[in-house]
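Novice: Provided herewith: protein_34.cif, mmCIF, C-alpha atoms.
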data_entry
#
loop_
_atom_site.label_atom_id
_atom_site.label_comp_id
_atom_site.auth_asym_id
_atom_site.auth_seq_id
_atom_site.Cartn_x
_atom_site.Cartn_y
_atom_site.Cartn_z
CA MET A 1 -106.58 -2.76 -149.89
CA THR A 2 -105.83 -5.43 -152.49
CA ALA A 3 -104.40 -4.49 -155.87
CA GLN A 4 -105.95 -7.65 -157.28
CA PRO A 5 -109.48 -7.37 -158.62
CA ILE A 6 -112.47 -9.01 -156.99
CA LEU A 7 -114.44 -11.28 -159.31
CA VAL A 8 -118.20 -10.74 -159.45
CA THR A 9 -120.23 -13.42 -161.22
CA GLY A 10 -123.82 -12.69 -162.13
CA ALA A 11 -122.54 -9.15 -162.50
CA THR A 12 -125.55 -7.84 -164.40
CA GLY A 13 -128.10 -9.52 -162.13
CA ASN A 14 -130.28 -8.12 -159.38
CA THR A 15 -127.57 -8.23 -156.72
CA GLY A 16 -124.43 -8.49 -158.83
CA ARG A 17 -124.58 -5.03 -160.36
CA HIS A 18 -124.96 -3.53 -156.86
CA VAL A 19 -121.97 -5.56 -155.65
CA VAL A 20 -119.92 -4.19 -158.55
CA ALA A 21 -120.95 -0.61 -157.74
CA GLY A 22 -120.36 -1.09 -154.01
CA LEU A 23 -116.86 -2.46 -154.47
CA LEU A 24 -115.89 0.29 -156.90
CA ALA A 25 -117.25 2.93 -154.52
CA LYS A 26 -114.89 1.59 -151.84
CA GLY A 27 -111.94 1.73 -154.22
CA PHE A 28 -111.63 -1.98 -154.96
CA PRO A 29 -110.92 -3.11 -158.54
CA VAL A 30 -113.64 -5.33 -160.01
CA ARG A 31 -113.68 -8.00 -162.71
CA ALA A 32 -117.28 -8.57 -163.78
CA LEU A 33 -118.23 -11.86 -165.44
CA THR A 34 -121.22 -11.74 -167.77
CA ARG A 35 -122.44 -13.65 -170.82
CA ALA A 36 -123.16 -10.41 -172.70
CA PRO A 37 -120.54 -7.71 -172.03
CA ALA A 38 -121.94 -5.43 -174.75
CA ARG A 39 -125.22 -5.14 -172.84
CA ALA A 40 -123.75 -5.07 -169.33
CA GLU A 41 -124.10 -1.32 -168.66
CA LEU A 42 -121.96 -1.61 -165.52
CA PRO A 43 -120.31 1.34 -163.76
CA GLU A 44 -117.22 2.85 -165.32
CA GLY A 45 -114.07 1.29 -163.93
CA ALA A 46 -115.29 -2.32 -163.91
CA GLU A 47 -113.30 -4.79 -166.02
CA VAL A 48 -116.04 -6.63 -167.90
CA VAL A 49 -115.21 -10.11 -169.24
CA ARG A 50 -117.32 -12.54 -171.22
CA GLY A 51 -118.13 -15.92 -169.73
CA ASP A 52 -120.65 -18.29 -168.20
CA VAL A 53 -120.35 -19.21 -164.52
CA THR A 54 -121.37 -22.80 -165.30
CA ASP A 55 -118.41 -23.22 -167.68
CA PRO A 56 -115.28 -24.15 -165.66
CA ALA A 57 -112.97 -22.83 -168.36
CA ASP A 58 -114.70 -19.44 -168.29
CA VAL A 59 -114.54 -19.37 -164.49
CA ALA A 60 -110.85 -20.25 -164.49
CA ALA A 61 -110.02 -17.52 -166.99
CA ALA A 62 -112.03 -14.92 -165.08
CA ALA A 63 -110.72 -15.94 -161.64
CA LYS A 64 -107.04 -15.92 -162.57
CA GLY A 65 -105.29 -13.14 -160.69
CA THR A 66 -108.29 -12.20 -158.52
CA ALA A 67 -108.36 -11.98 -154.74
CA ALA A 68 -111.95 -13.04 -153.96
CA ALA A 69 -115.20 -13.85 -155.72
CA TYR A 70 -118.91 -13.20 -155.40
CA LEU A 71 -120.67 -16.34 -156.63
CA VAL A 72 -124.17 -16.34 -158.08
CA TRP A 73 -125.17 -19.81 -159.26
CA PRO A 74 -128.21 -20.62 -161.45
CA GLY A 75 -131.02 -21.96 -159.29
CA THR A 76 -131.84 -25.09 -161.25
CA ASP A 77 -131.10 -28.73 -160.50
CA GLU A 78 -129.49 -29.17 -163.91
CA ALA A 79 -127.06 -26.29 -163.36
CA ALA A 80 -126.19 -27.48 -159.86
CA GLU A 81 -124.48 -30.55 -161.28
CA GLY A 82 -121.46 -28.44 -162.27
CA ALA A 83 -121.18 -26.56 -158.99
CA ALA A 84 -118.45 -28.76 -157.53
CA GLU A 85 -116.23 -28.26 -160.57
CA ALA A 86 -116.80 -24.50 -160.60
CA ALA A 87 -116.06 -24.28 -156.87
CA ALA A 88 -112.88 -26.28 -157.33
CA VAL A 89 -111.74 -23.90 -160.05
CA LEU A 90 -112.43 -20.90 -157.82
CA GLY A 91 -110.52 -22.56 -154.99
CA GLU A 92 -107.45 -22.78 -157.20
CA HIS A 93 -107.39 -19.01 -157.69
CA VAL A 94 -109.09 -17.17 -154.83
CA GLY A 95 -108.92 -17.43 -151.07
CA ARG A 96 -112.39 -16.07 -150.34
CA VAL A 97 -115.84 -16.68 -151.85
CA VAL A 98 -119.17 -15.10 -150.92
CA TYR A 99 -122.03 -17.21 -152.27
CA LEU A 100 -125.58 -15.94 -152.82
CA SER A 101 -127.50 -18.81 -151.24
CA ALA A 102 -131.04 -19.18 -149.89
CA THR A 103 -132.66 -20.09 -146.59
CA GLY A 104 -133.63 -23.40 -148.19
CA ALA A 105 -129.98 -24.48 -147.94
CA ALA A 106 -130.56 -25.24 -144.26
CA GLU A 107 -133.62 -27.42 -144.89
CA GLY A 108 -133.27 -31.16 -145.48
CA SER A 109 -130.70 -31.80 -148.20
CA GLY A 110 -130.63 -28.09 -148.94
CA GLY A 111 -131.68 -28.49 -152.56
CA VAL A 112 -129.61 -26.66 -155.16
CA TRP A 113 -128.33 -24.15 -152.62
CA GLY A 114 -127.17 -26.76 -150.14
CA GLY A 115 -125.31 -28.59 -152.87
CA VAL A 116 -123.46 -25.45 -153.95
CA GLU A 117 -122.66 -24.60 -150.33
CA ARG A 118 -121.10 -28.04 -149.80
CA ALA A 119 -119.03 -27.64 -152.95
CA VAL A 120 -117.76 -24.22 -151.90
CA ARG A 121 -116.97 -25.40 -148.35
CA GLY A 122 -114.87 -28.20 -149.74
CA ALA A 123 -112.89 -26.07 -152.17
CA VAL A 124 -112.40 -22.56 -150.80
CA PRO A 125 -110.33 -21.56 -147.73
CA GLU A 126 -112.67 -18.70 -146.66
CA TRP A 127 -116.36 -18.78 -147.49
CA THR A 128 -119.44 -16.81 -146.48
CA PHE A 129 -123.00 -17.77 -147.40
CA LEU A 130 -125.79 -15.22 -147.75
CA ARG A 131 -128.94 -17.27 -147.20
CA VAL A 132 -131.60 -14.98 -148.61
CA SER A 133 -135.27 -15.48 -147.69
CA GLY A 134 -136.46 -13.95 -150.95
CA LEU A 135 -135.59 -10.92 -153.05
CA ALA A 136 -138.18 -8.16 -153.13
CA VAL A 137 -137.05 -7.39 -156.68
CA ASN A 138 -138.73 -10.58 -157.88
CA THR A 139 -142.09 -8.82 -157.44
CA LEU A 140 -141.20 -6.82 -160.56
CA ALA A 141 -142.74 -9.81 -162.34
CA TRP A 142 -146.08 -8.23 -161.38
CA VAL A 143 -145.47 -4.94 -163.22
CA ASP A 144 -148.01 -5.43 -166.01
CA GLN A 145 -150.65 -6.77 -163.62
CA VAL A 146 -150.15 -3.92 -161.15
CA HIS A 147 -150.78 -1.48 -164.01
CA ARG A 148 -154.13 -3.22 -164.60
CA GLY A 149 -154.98 -3.08 -160.91
CA VAL A 150 -155.11 -6.84 -160.22
CA VAL A 151 -152.28 -9.29 -159.52
CA ARG A 152 -153.38 -12.87 -160.10
CA ALA A 153 -151.14 -15.44 -158.39
CA PRO A 154 -151.38 -18.19 -155.73
CA PHE A 155 -151.02 -17.92 -151.95
CA GLY A 156 -151.90 -14.28 -151.35
CA GLY A 157 -151.72 -14.93 -147.62
CA ALA A 158 -148.15 -16.25 -147.72
CA ALA A 159 -146.16 -14.12 -145.26
CA ARG A 160 -142.68 -13.38 -146.51
CA SER A 161 -139.64 -11.48 -145.20
CA LEU A 162 -138.45 -10.14 -148.54
CA VAL A 163 -135.13 -8.33 -148.62
CA HIS A 164 -134.00 -5.33 -150.66
CA GLU A 165 -131.31 -6.35 -153.16
CA GLN A 166 -129.24 -3.39 -151.99
CA ASP A 167 -129.01 -4.92 -148.50
CA VAL A 168 -127.84 -8.22 -149.98
CA ALA A 169 -125.19 -6.44 -152.04
CA GLU A 170 -123.92 -4.44 -149.07
CA MET A 171 -123.66 -7.65 -147.04
CA ALA A 172 -121.69 -9.23 -149.88
CA VAL A 173 -119.30 -6.28 -150.14
CA ARG A 174 -118.59 -6.40 -146.40
CA ALA A 175 -117.93 -10.13 -146.51
CA LEU A 176 -115.67 -9.79 -149.55
CA VAL A 177 -113.43 -7.02 -148.24
CA ASP A 178 -113.61 -7.17 -144.42
CA ASP A 179 -112.31 -9.84 -142.08
CA GLY A 180 -114.54 -11.59 -139.57
CA HIS A 181 -117.11 -13.09 -141.95
CA ALA A 182 -115.35 -16.30 -142.98
CA GLY A 183 -117.24 -19.47 -142.08
CA ARG A 184 -120.49 -17.61 -141.49
CA ALA A 185 -123.87 -18.47 -143.01
CA TYR A 186 -125.94 -15.30 -142.65
CA VAL A 187 -129.72 -15.37 -142.86
CA VAL A 188 -130.53 -12.33 -144.97
CA THR A 189 -134.11 -11.06 -144.65
CA GLY A 190 -136.14 -7.91 -144.52
CA PRO A 191 -137.13 -6.47 -141.13
CA GLU A 192 -140.79 -7.57 -141.36
CA VAL A 193 -143.11 -10.22 -142.69
CA ILE A 194 -145.64 -9.03 -145.25
CA SER A 195 -148.19 -11.12 -147.14
CA GLN A 196 -148.06 -11.27 -150.90
CA ALA A 197 -151.45 -9.58 -151.06
CA ASP A 198 -150.16 -6.72 -148.90
CA GLN A 199 -147.08 -6.43 -151.09
CA VAL A 200 -149.38 -5.67 -154.01
CA ARG A 201 -151.31 -3.13 -151.92
CA VAL A 202 -148.10 -1.37 -150.83
CA ILE A 203 -146.75 -1.18 -154.38
CA GLY A 204 -150.05 0.31 -155.50
CA GLU A 205 -149.97 2.90 -152.73
CA GLU A 206 -146.44 3.94 -153.63
CA ILE A 207 -147.26 4.49 -157.30
CA GLY A 208 -150.78 5.83 -156.86
CA VAL A 209 -152.63 2.83 -158.31
CA LEU A 210 -155.42 0.91 -156.58
CA ALA A 211 -154.03 -2.62 -156.83
CA ARG A 212 -155.44 -5.80 -155.30
CA TRP A 213 -154.71 -9.53 -155.16
CA GLN A 214 -156.71 -12.22 -156.98
CA GLU A 215 -156.07 -15.82 -155.99
CA GLN A 216 -154.94 -18.01 -158.89
CA PRO A 217 -155.73 -21.75 -159.15
CA LEU A 218 -152.69 -23.71 -158.04
CA ASP A 219 -152.48 -25.97 -161.12
CA GLU A 220 -152.45 -22.96 -163.40
CA ALA A 221 -149.73 -21.28 -161.34
CA ARG A 222 -147.63 -24.46 -161.31
CA ASP A 223 -147.81 -24.69 -165.10
CA GLU A 224 -146.64 -21.10 -165.49
CA LEU A 225 -143.76 -21.56 -163.04
CA THR A 226 -142.74 -24.85 -164.64
CA GLU A 227 -142.45 -23.13 -168.00
CA ALA A 228 -140.30 -20.41 -166.45
CA VAL A 229 -137.97 -22.34 -164.12
CA GLY A 230 -138.53 -26.07 -164.62
CA ALA A 231 -140.76 -28.56 -162.81
CA ASP A 232 -138.54 -29.33 -159.82
CA PHE A 233 -137.81 -25.71 -158.97
CA ALA A 234 -141.46 -24.76 -159.54
CA ASP A 235 -142.55 -27.40 -157.01
CA GLN A 236 -140.01 -26.10 -154.48
CA ILE A 237 -141.32 -22.55 -154.86
CA ILE A 238 -144.97 -23.56 -154.54
CA THR A 239 -144.26 -25.75 -151.52
CA HIS A 240 -142.42 -22.90 -149.82
CA TRP A 241 -145.20 -20.39 -150.49
CA GLY A 242 -147.79 -22.84 -149.20
CA GLU A 243 -145.85 -23.35 -145.98
CA ASN A 244 -145.73 -19.58 -145.47
CA ILE A 245 -149.51 -19.46 -145.12
CA ASP A 246 -149.27 -21.03 -141.66
CA VAL A 247 -145.62 -20.40 -140.84
CA PRO A 248 -144.29 -16.97 -141.90
CA GLU A 249 -140.72 -16.70 -143.10
CA GLU A 250 -138.32 -15.90 -140.30
CA ILE A 251 -137.00 -12.43 -139.61
CA SER A 252 -133.26 -12.32 -139.03
CA GLY A 253 -131.21 -9.59 -137.44
CA ASP A 254 -128.11 -10.46 -139.49
CA VAL A 255 -128.48 -7.54 -141.89
CA ALA A 256 -128.63 -5.04 -139.03
CA ARG A 257 -125.74 -6.72 -137.22
CA VAL A 258 -123.45 -6.69 -140.24
CA LEU A 259 -124.41 -3.32 -141.72
CA GLY A 260 -124.98 -1.44 -138.46
CA ARG A 261 -128.41 -0.21 -139.58
CA PRO A 262 -131.90 -1.72 -139.92
CA ALA A 263 -132.72 -3.74 -143.00
CA LEU A 264 -134.78 -1.82 -145.57
CA THR A 265 -138.54 -2.42 -145.48
CA PHE A 266 -140.65 -3.61 -148.39
CA ARG A 267 -142.25 -0.18 -148.62
CA GLU A 268 -138.78 1.37 -148.94
CA TRP A 269 -138.02 -1.13 -151.69
CA ALA A 270 -141.27 -0.27 -153.51
CA ARG A 271 -140.48 3.44 -153.20
CA ASP A 272 -137.03 2.87 -154.69
CA HIS A 273 -138.62 1.06 -157.66
CA ARG A 274 -141.58 3.33 -158.35
CA ALA A 275 -140.29 4.14 -161.83
CA ALA A 276 -140.39 0.47 -162.79
CA PHE A 277 -143.99 0.02 -161.61
CA ARG A 278 -145.58 3.27 -162.75
CA PRO A 279 -147.87 3.00 -165.78
CA GLU A 280 -146.42 4.78 -168.78
CA GLU A 281 -148.02 8.14 -169.47
#
Show me this structure written as structure tokens.

Specialist:
Amino acid sequence: MTAQPILVTGATGNTGRHVVAGLLAKGFPVRALTRAPARAELPEGAEVVRGDVTDPADVAAAAKGTAAAYLVWPGTDEAAEGAAEAAAVLGEHVGRVVYLSATGAAEGSGGVWGGVERAVRGAVPEWTFLRVSGLAVNTLAWVDQVHRGVVRAPFGGAARSLVHEQDVAEMAVRALVDDGHAGRAYVVTGPEVISQADQVRVIGEEIGVLARWQEQPLDEARDELTEAVGADFADQIITHWGENIDVPEEISGDVARVLGRPALTFREWARDHRAAFRPEE
């Protein structure tokens, strides 16, 4: 067991806070990088430091004296421009990096995720990529609509293999502290494909609300996504969802192989997040 801390970027995010908790539970010291330490609310025992992962100086300061790093990089084309510099800084301080990537990294140029992967490969001695199909936690964006009984969005028939953020975090912890994962690009998915419309139905069943899908015009959906994540990333998302109408996302066995248990289902995820979806009394 290393006496040096493990750096976790994106420490207050959907996967990062679980990585922090998982490492601490195994007895590993953690340095958590976040832009707002006062609001971090991370487990006791984590060393919380202020910084932005896209700022090389912040990364250098946080990485100094650490043994390994969990890298979460902003998923925008603008942010990707600094990935090579950030990876180089990490490579100067740590011998191992686990990067939260996406299945899109293996397609064409790989988009943002492929660019970050190339930067990490070129700078870090030991790397592991977690190519996630999609995080189930992103469906929390539907909370208000689920309460009203109708979720209005495009591509209700898109079949996705969404993964529980806890599975992603456990994969990351294994790759950070165990040998045998260096040079691997794991495809991290749930154990099933489930349409977006059925995701809404399952969430409703778990919280006792009759919830259904309503198809949204594509132009309207694109405008909303563009406002949230930028035009280029919005187009990537919409293209991917559209493709999943005819070609469901793949199901990988990597989670089960690494963790020694089946990946958690979407229903299990919804059950774990009932409190977030339930209408207030």

Novice: Tell me, as a list of chain:residue names, which residues lie within 6 Å of region 28-36 of chain A, counting all atoms listed in the file; anything in the same chain fewer than 3 positions away does not count.

Specialist: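 Listed by chain and then number, they are A:Pro5, A:Ile6, A:Leu7, A:Val8, A:Thr9, A:Ala11, A:Leu23, A:Leu24, A:Arg39, A:Ala46, A:Glu47, A:Val48, A:Val49, A:Arg50, A:Gly51, A:Asp52.
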
Novice: Determine, counting only C-alpha atoms, which protein, DNA and RNA residues have an atom within 9 Å of an atom of Ser133 (chain A); residues of the same chain fewer than 5 positions away are not included. Present the result as a list in words.

Specialist: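 Contacts, in chain order: Ala102, Thr103, Gly104, Arg160, Ser161, Leu162, Val163, Val187, Val188, Thr189, Gly190, Glu249, Glu250 and Ile251 of chain A.
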
Novice: Interatomic distance between CA of Ala263 (chain A) and CA of Gln214 (chain A)?

Specialist: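 That distance, rounded to one decimal, is 29.0 Å.
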
Novice: Compile the contact shell of Arg96 (chain A) as an NGL selection string: residues with an atom at most 7 Å away, counting only C-alpha atoms, same-chain residues fewer than 6 positions apart removed.

Specialist: :A and (68-69 or 124-127)

Novice: For Val143 (chain A), list every protein, DNA or RNA residue within 10 Å, evaluated using all atoms listed in the file, and leave out those in the same chain fewer than 2 positions away; present the list as a list in words.

Specialist: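 Counting all atoms listed in the file, the residues come to Thr139, Leu140, Ala141, Gln145, Val146, His147, Arg148, Gly149, Val151, Ile203, Ala276, Phe277, Arg278 and Pro279 of chain A.
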
Novice: Using CA of Pro262 (chain A) and CA of Leu42 (chain A) as the two end points, give the distance in Å to one decimal.

Specialist: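 Answer for the CA of Pro262 (chain A) to CA of Leu42 (chain A) separation: 27.5 Å.
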
Novice: Write out as an MDAnalysis selection string which residues come within 10 Å of Ser101 (chain A) when counting only C-alpha atoms, dropping same-chain ones fewer than 6 positions away.

Specialist: chainID A and resid 71:73 75 112:114 116:117 128:133 185:188

Novice: Using the selection just defined, write its residues with C-alpha atoms as a tab-separated table (two decimals), in the coordinates of the input.

Specialist:
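The resulting part-v8.tsv:
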chain	number	residue	atom	x	y	z
A	71	LEU	CA	-120.67	-16.34	-156.63
A	72	VAL	CA	-124.17	-16.34	-158.08
A	73	TRP	CA	-125.17	-19.81	-159.26
A	75	GLY	CA	-131.02	-21.96	-159.29
A	112	VAL	CA	-129.61	-26.66	-155.16
A	113	TRP	CA	-128.33	-24.15	-152.62
A	114	GLY	CA	-127.17	-26.76	-150.14
A	116	VAL	CA	-123.46	-25.45	-153.95
A	117	GLU	CA	-122.66	-24.60	-150.33
A	128	THR	CA	-119.44	-16.81	-146.48
A	129	PHE	CA	-123.00	-17.77	-147.40
A	130	LEU	CA	-125.79	-15.22	-147.75
A	131	ARG	CA	-128.94	-17.27	-147.20
A	132	VAL	CA	-131.60	-14.98	-148.61
A	133	SER	CA	-135.27	-15.48	-147.69
A	185	ALA	CA	-123.87	-18.47	-143.01
A	186	TYR	CA	-125.94	-15.30	-142.65
A	187	VAL	CA	-129.72	-15.37	-142.86
A	188	VAL	CA	-130.53	-12.33	-144.97

Novice: Just the number, please: distance in Å from CA of Glu85 (chain A) to CA of Gly134 (chain A), one decimal.

Specialist: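 Atom-to-atom, CA of Glu85 (chain A) and CA of Gly134 (chain A) are spaced 26.6 Å apart.
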
Novice: Using all atoms listed in the file, which of the listed residues (A:Asn244, A:Thr12, A:Thr239, A:Thr265) sits closest to Leu218 (chain A)?

Specialist: A:Thr239
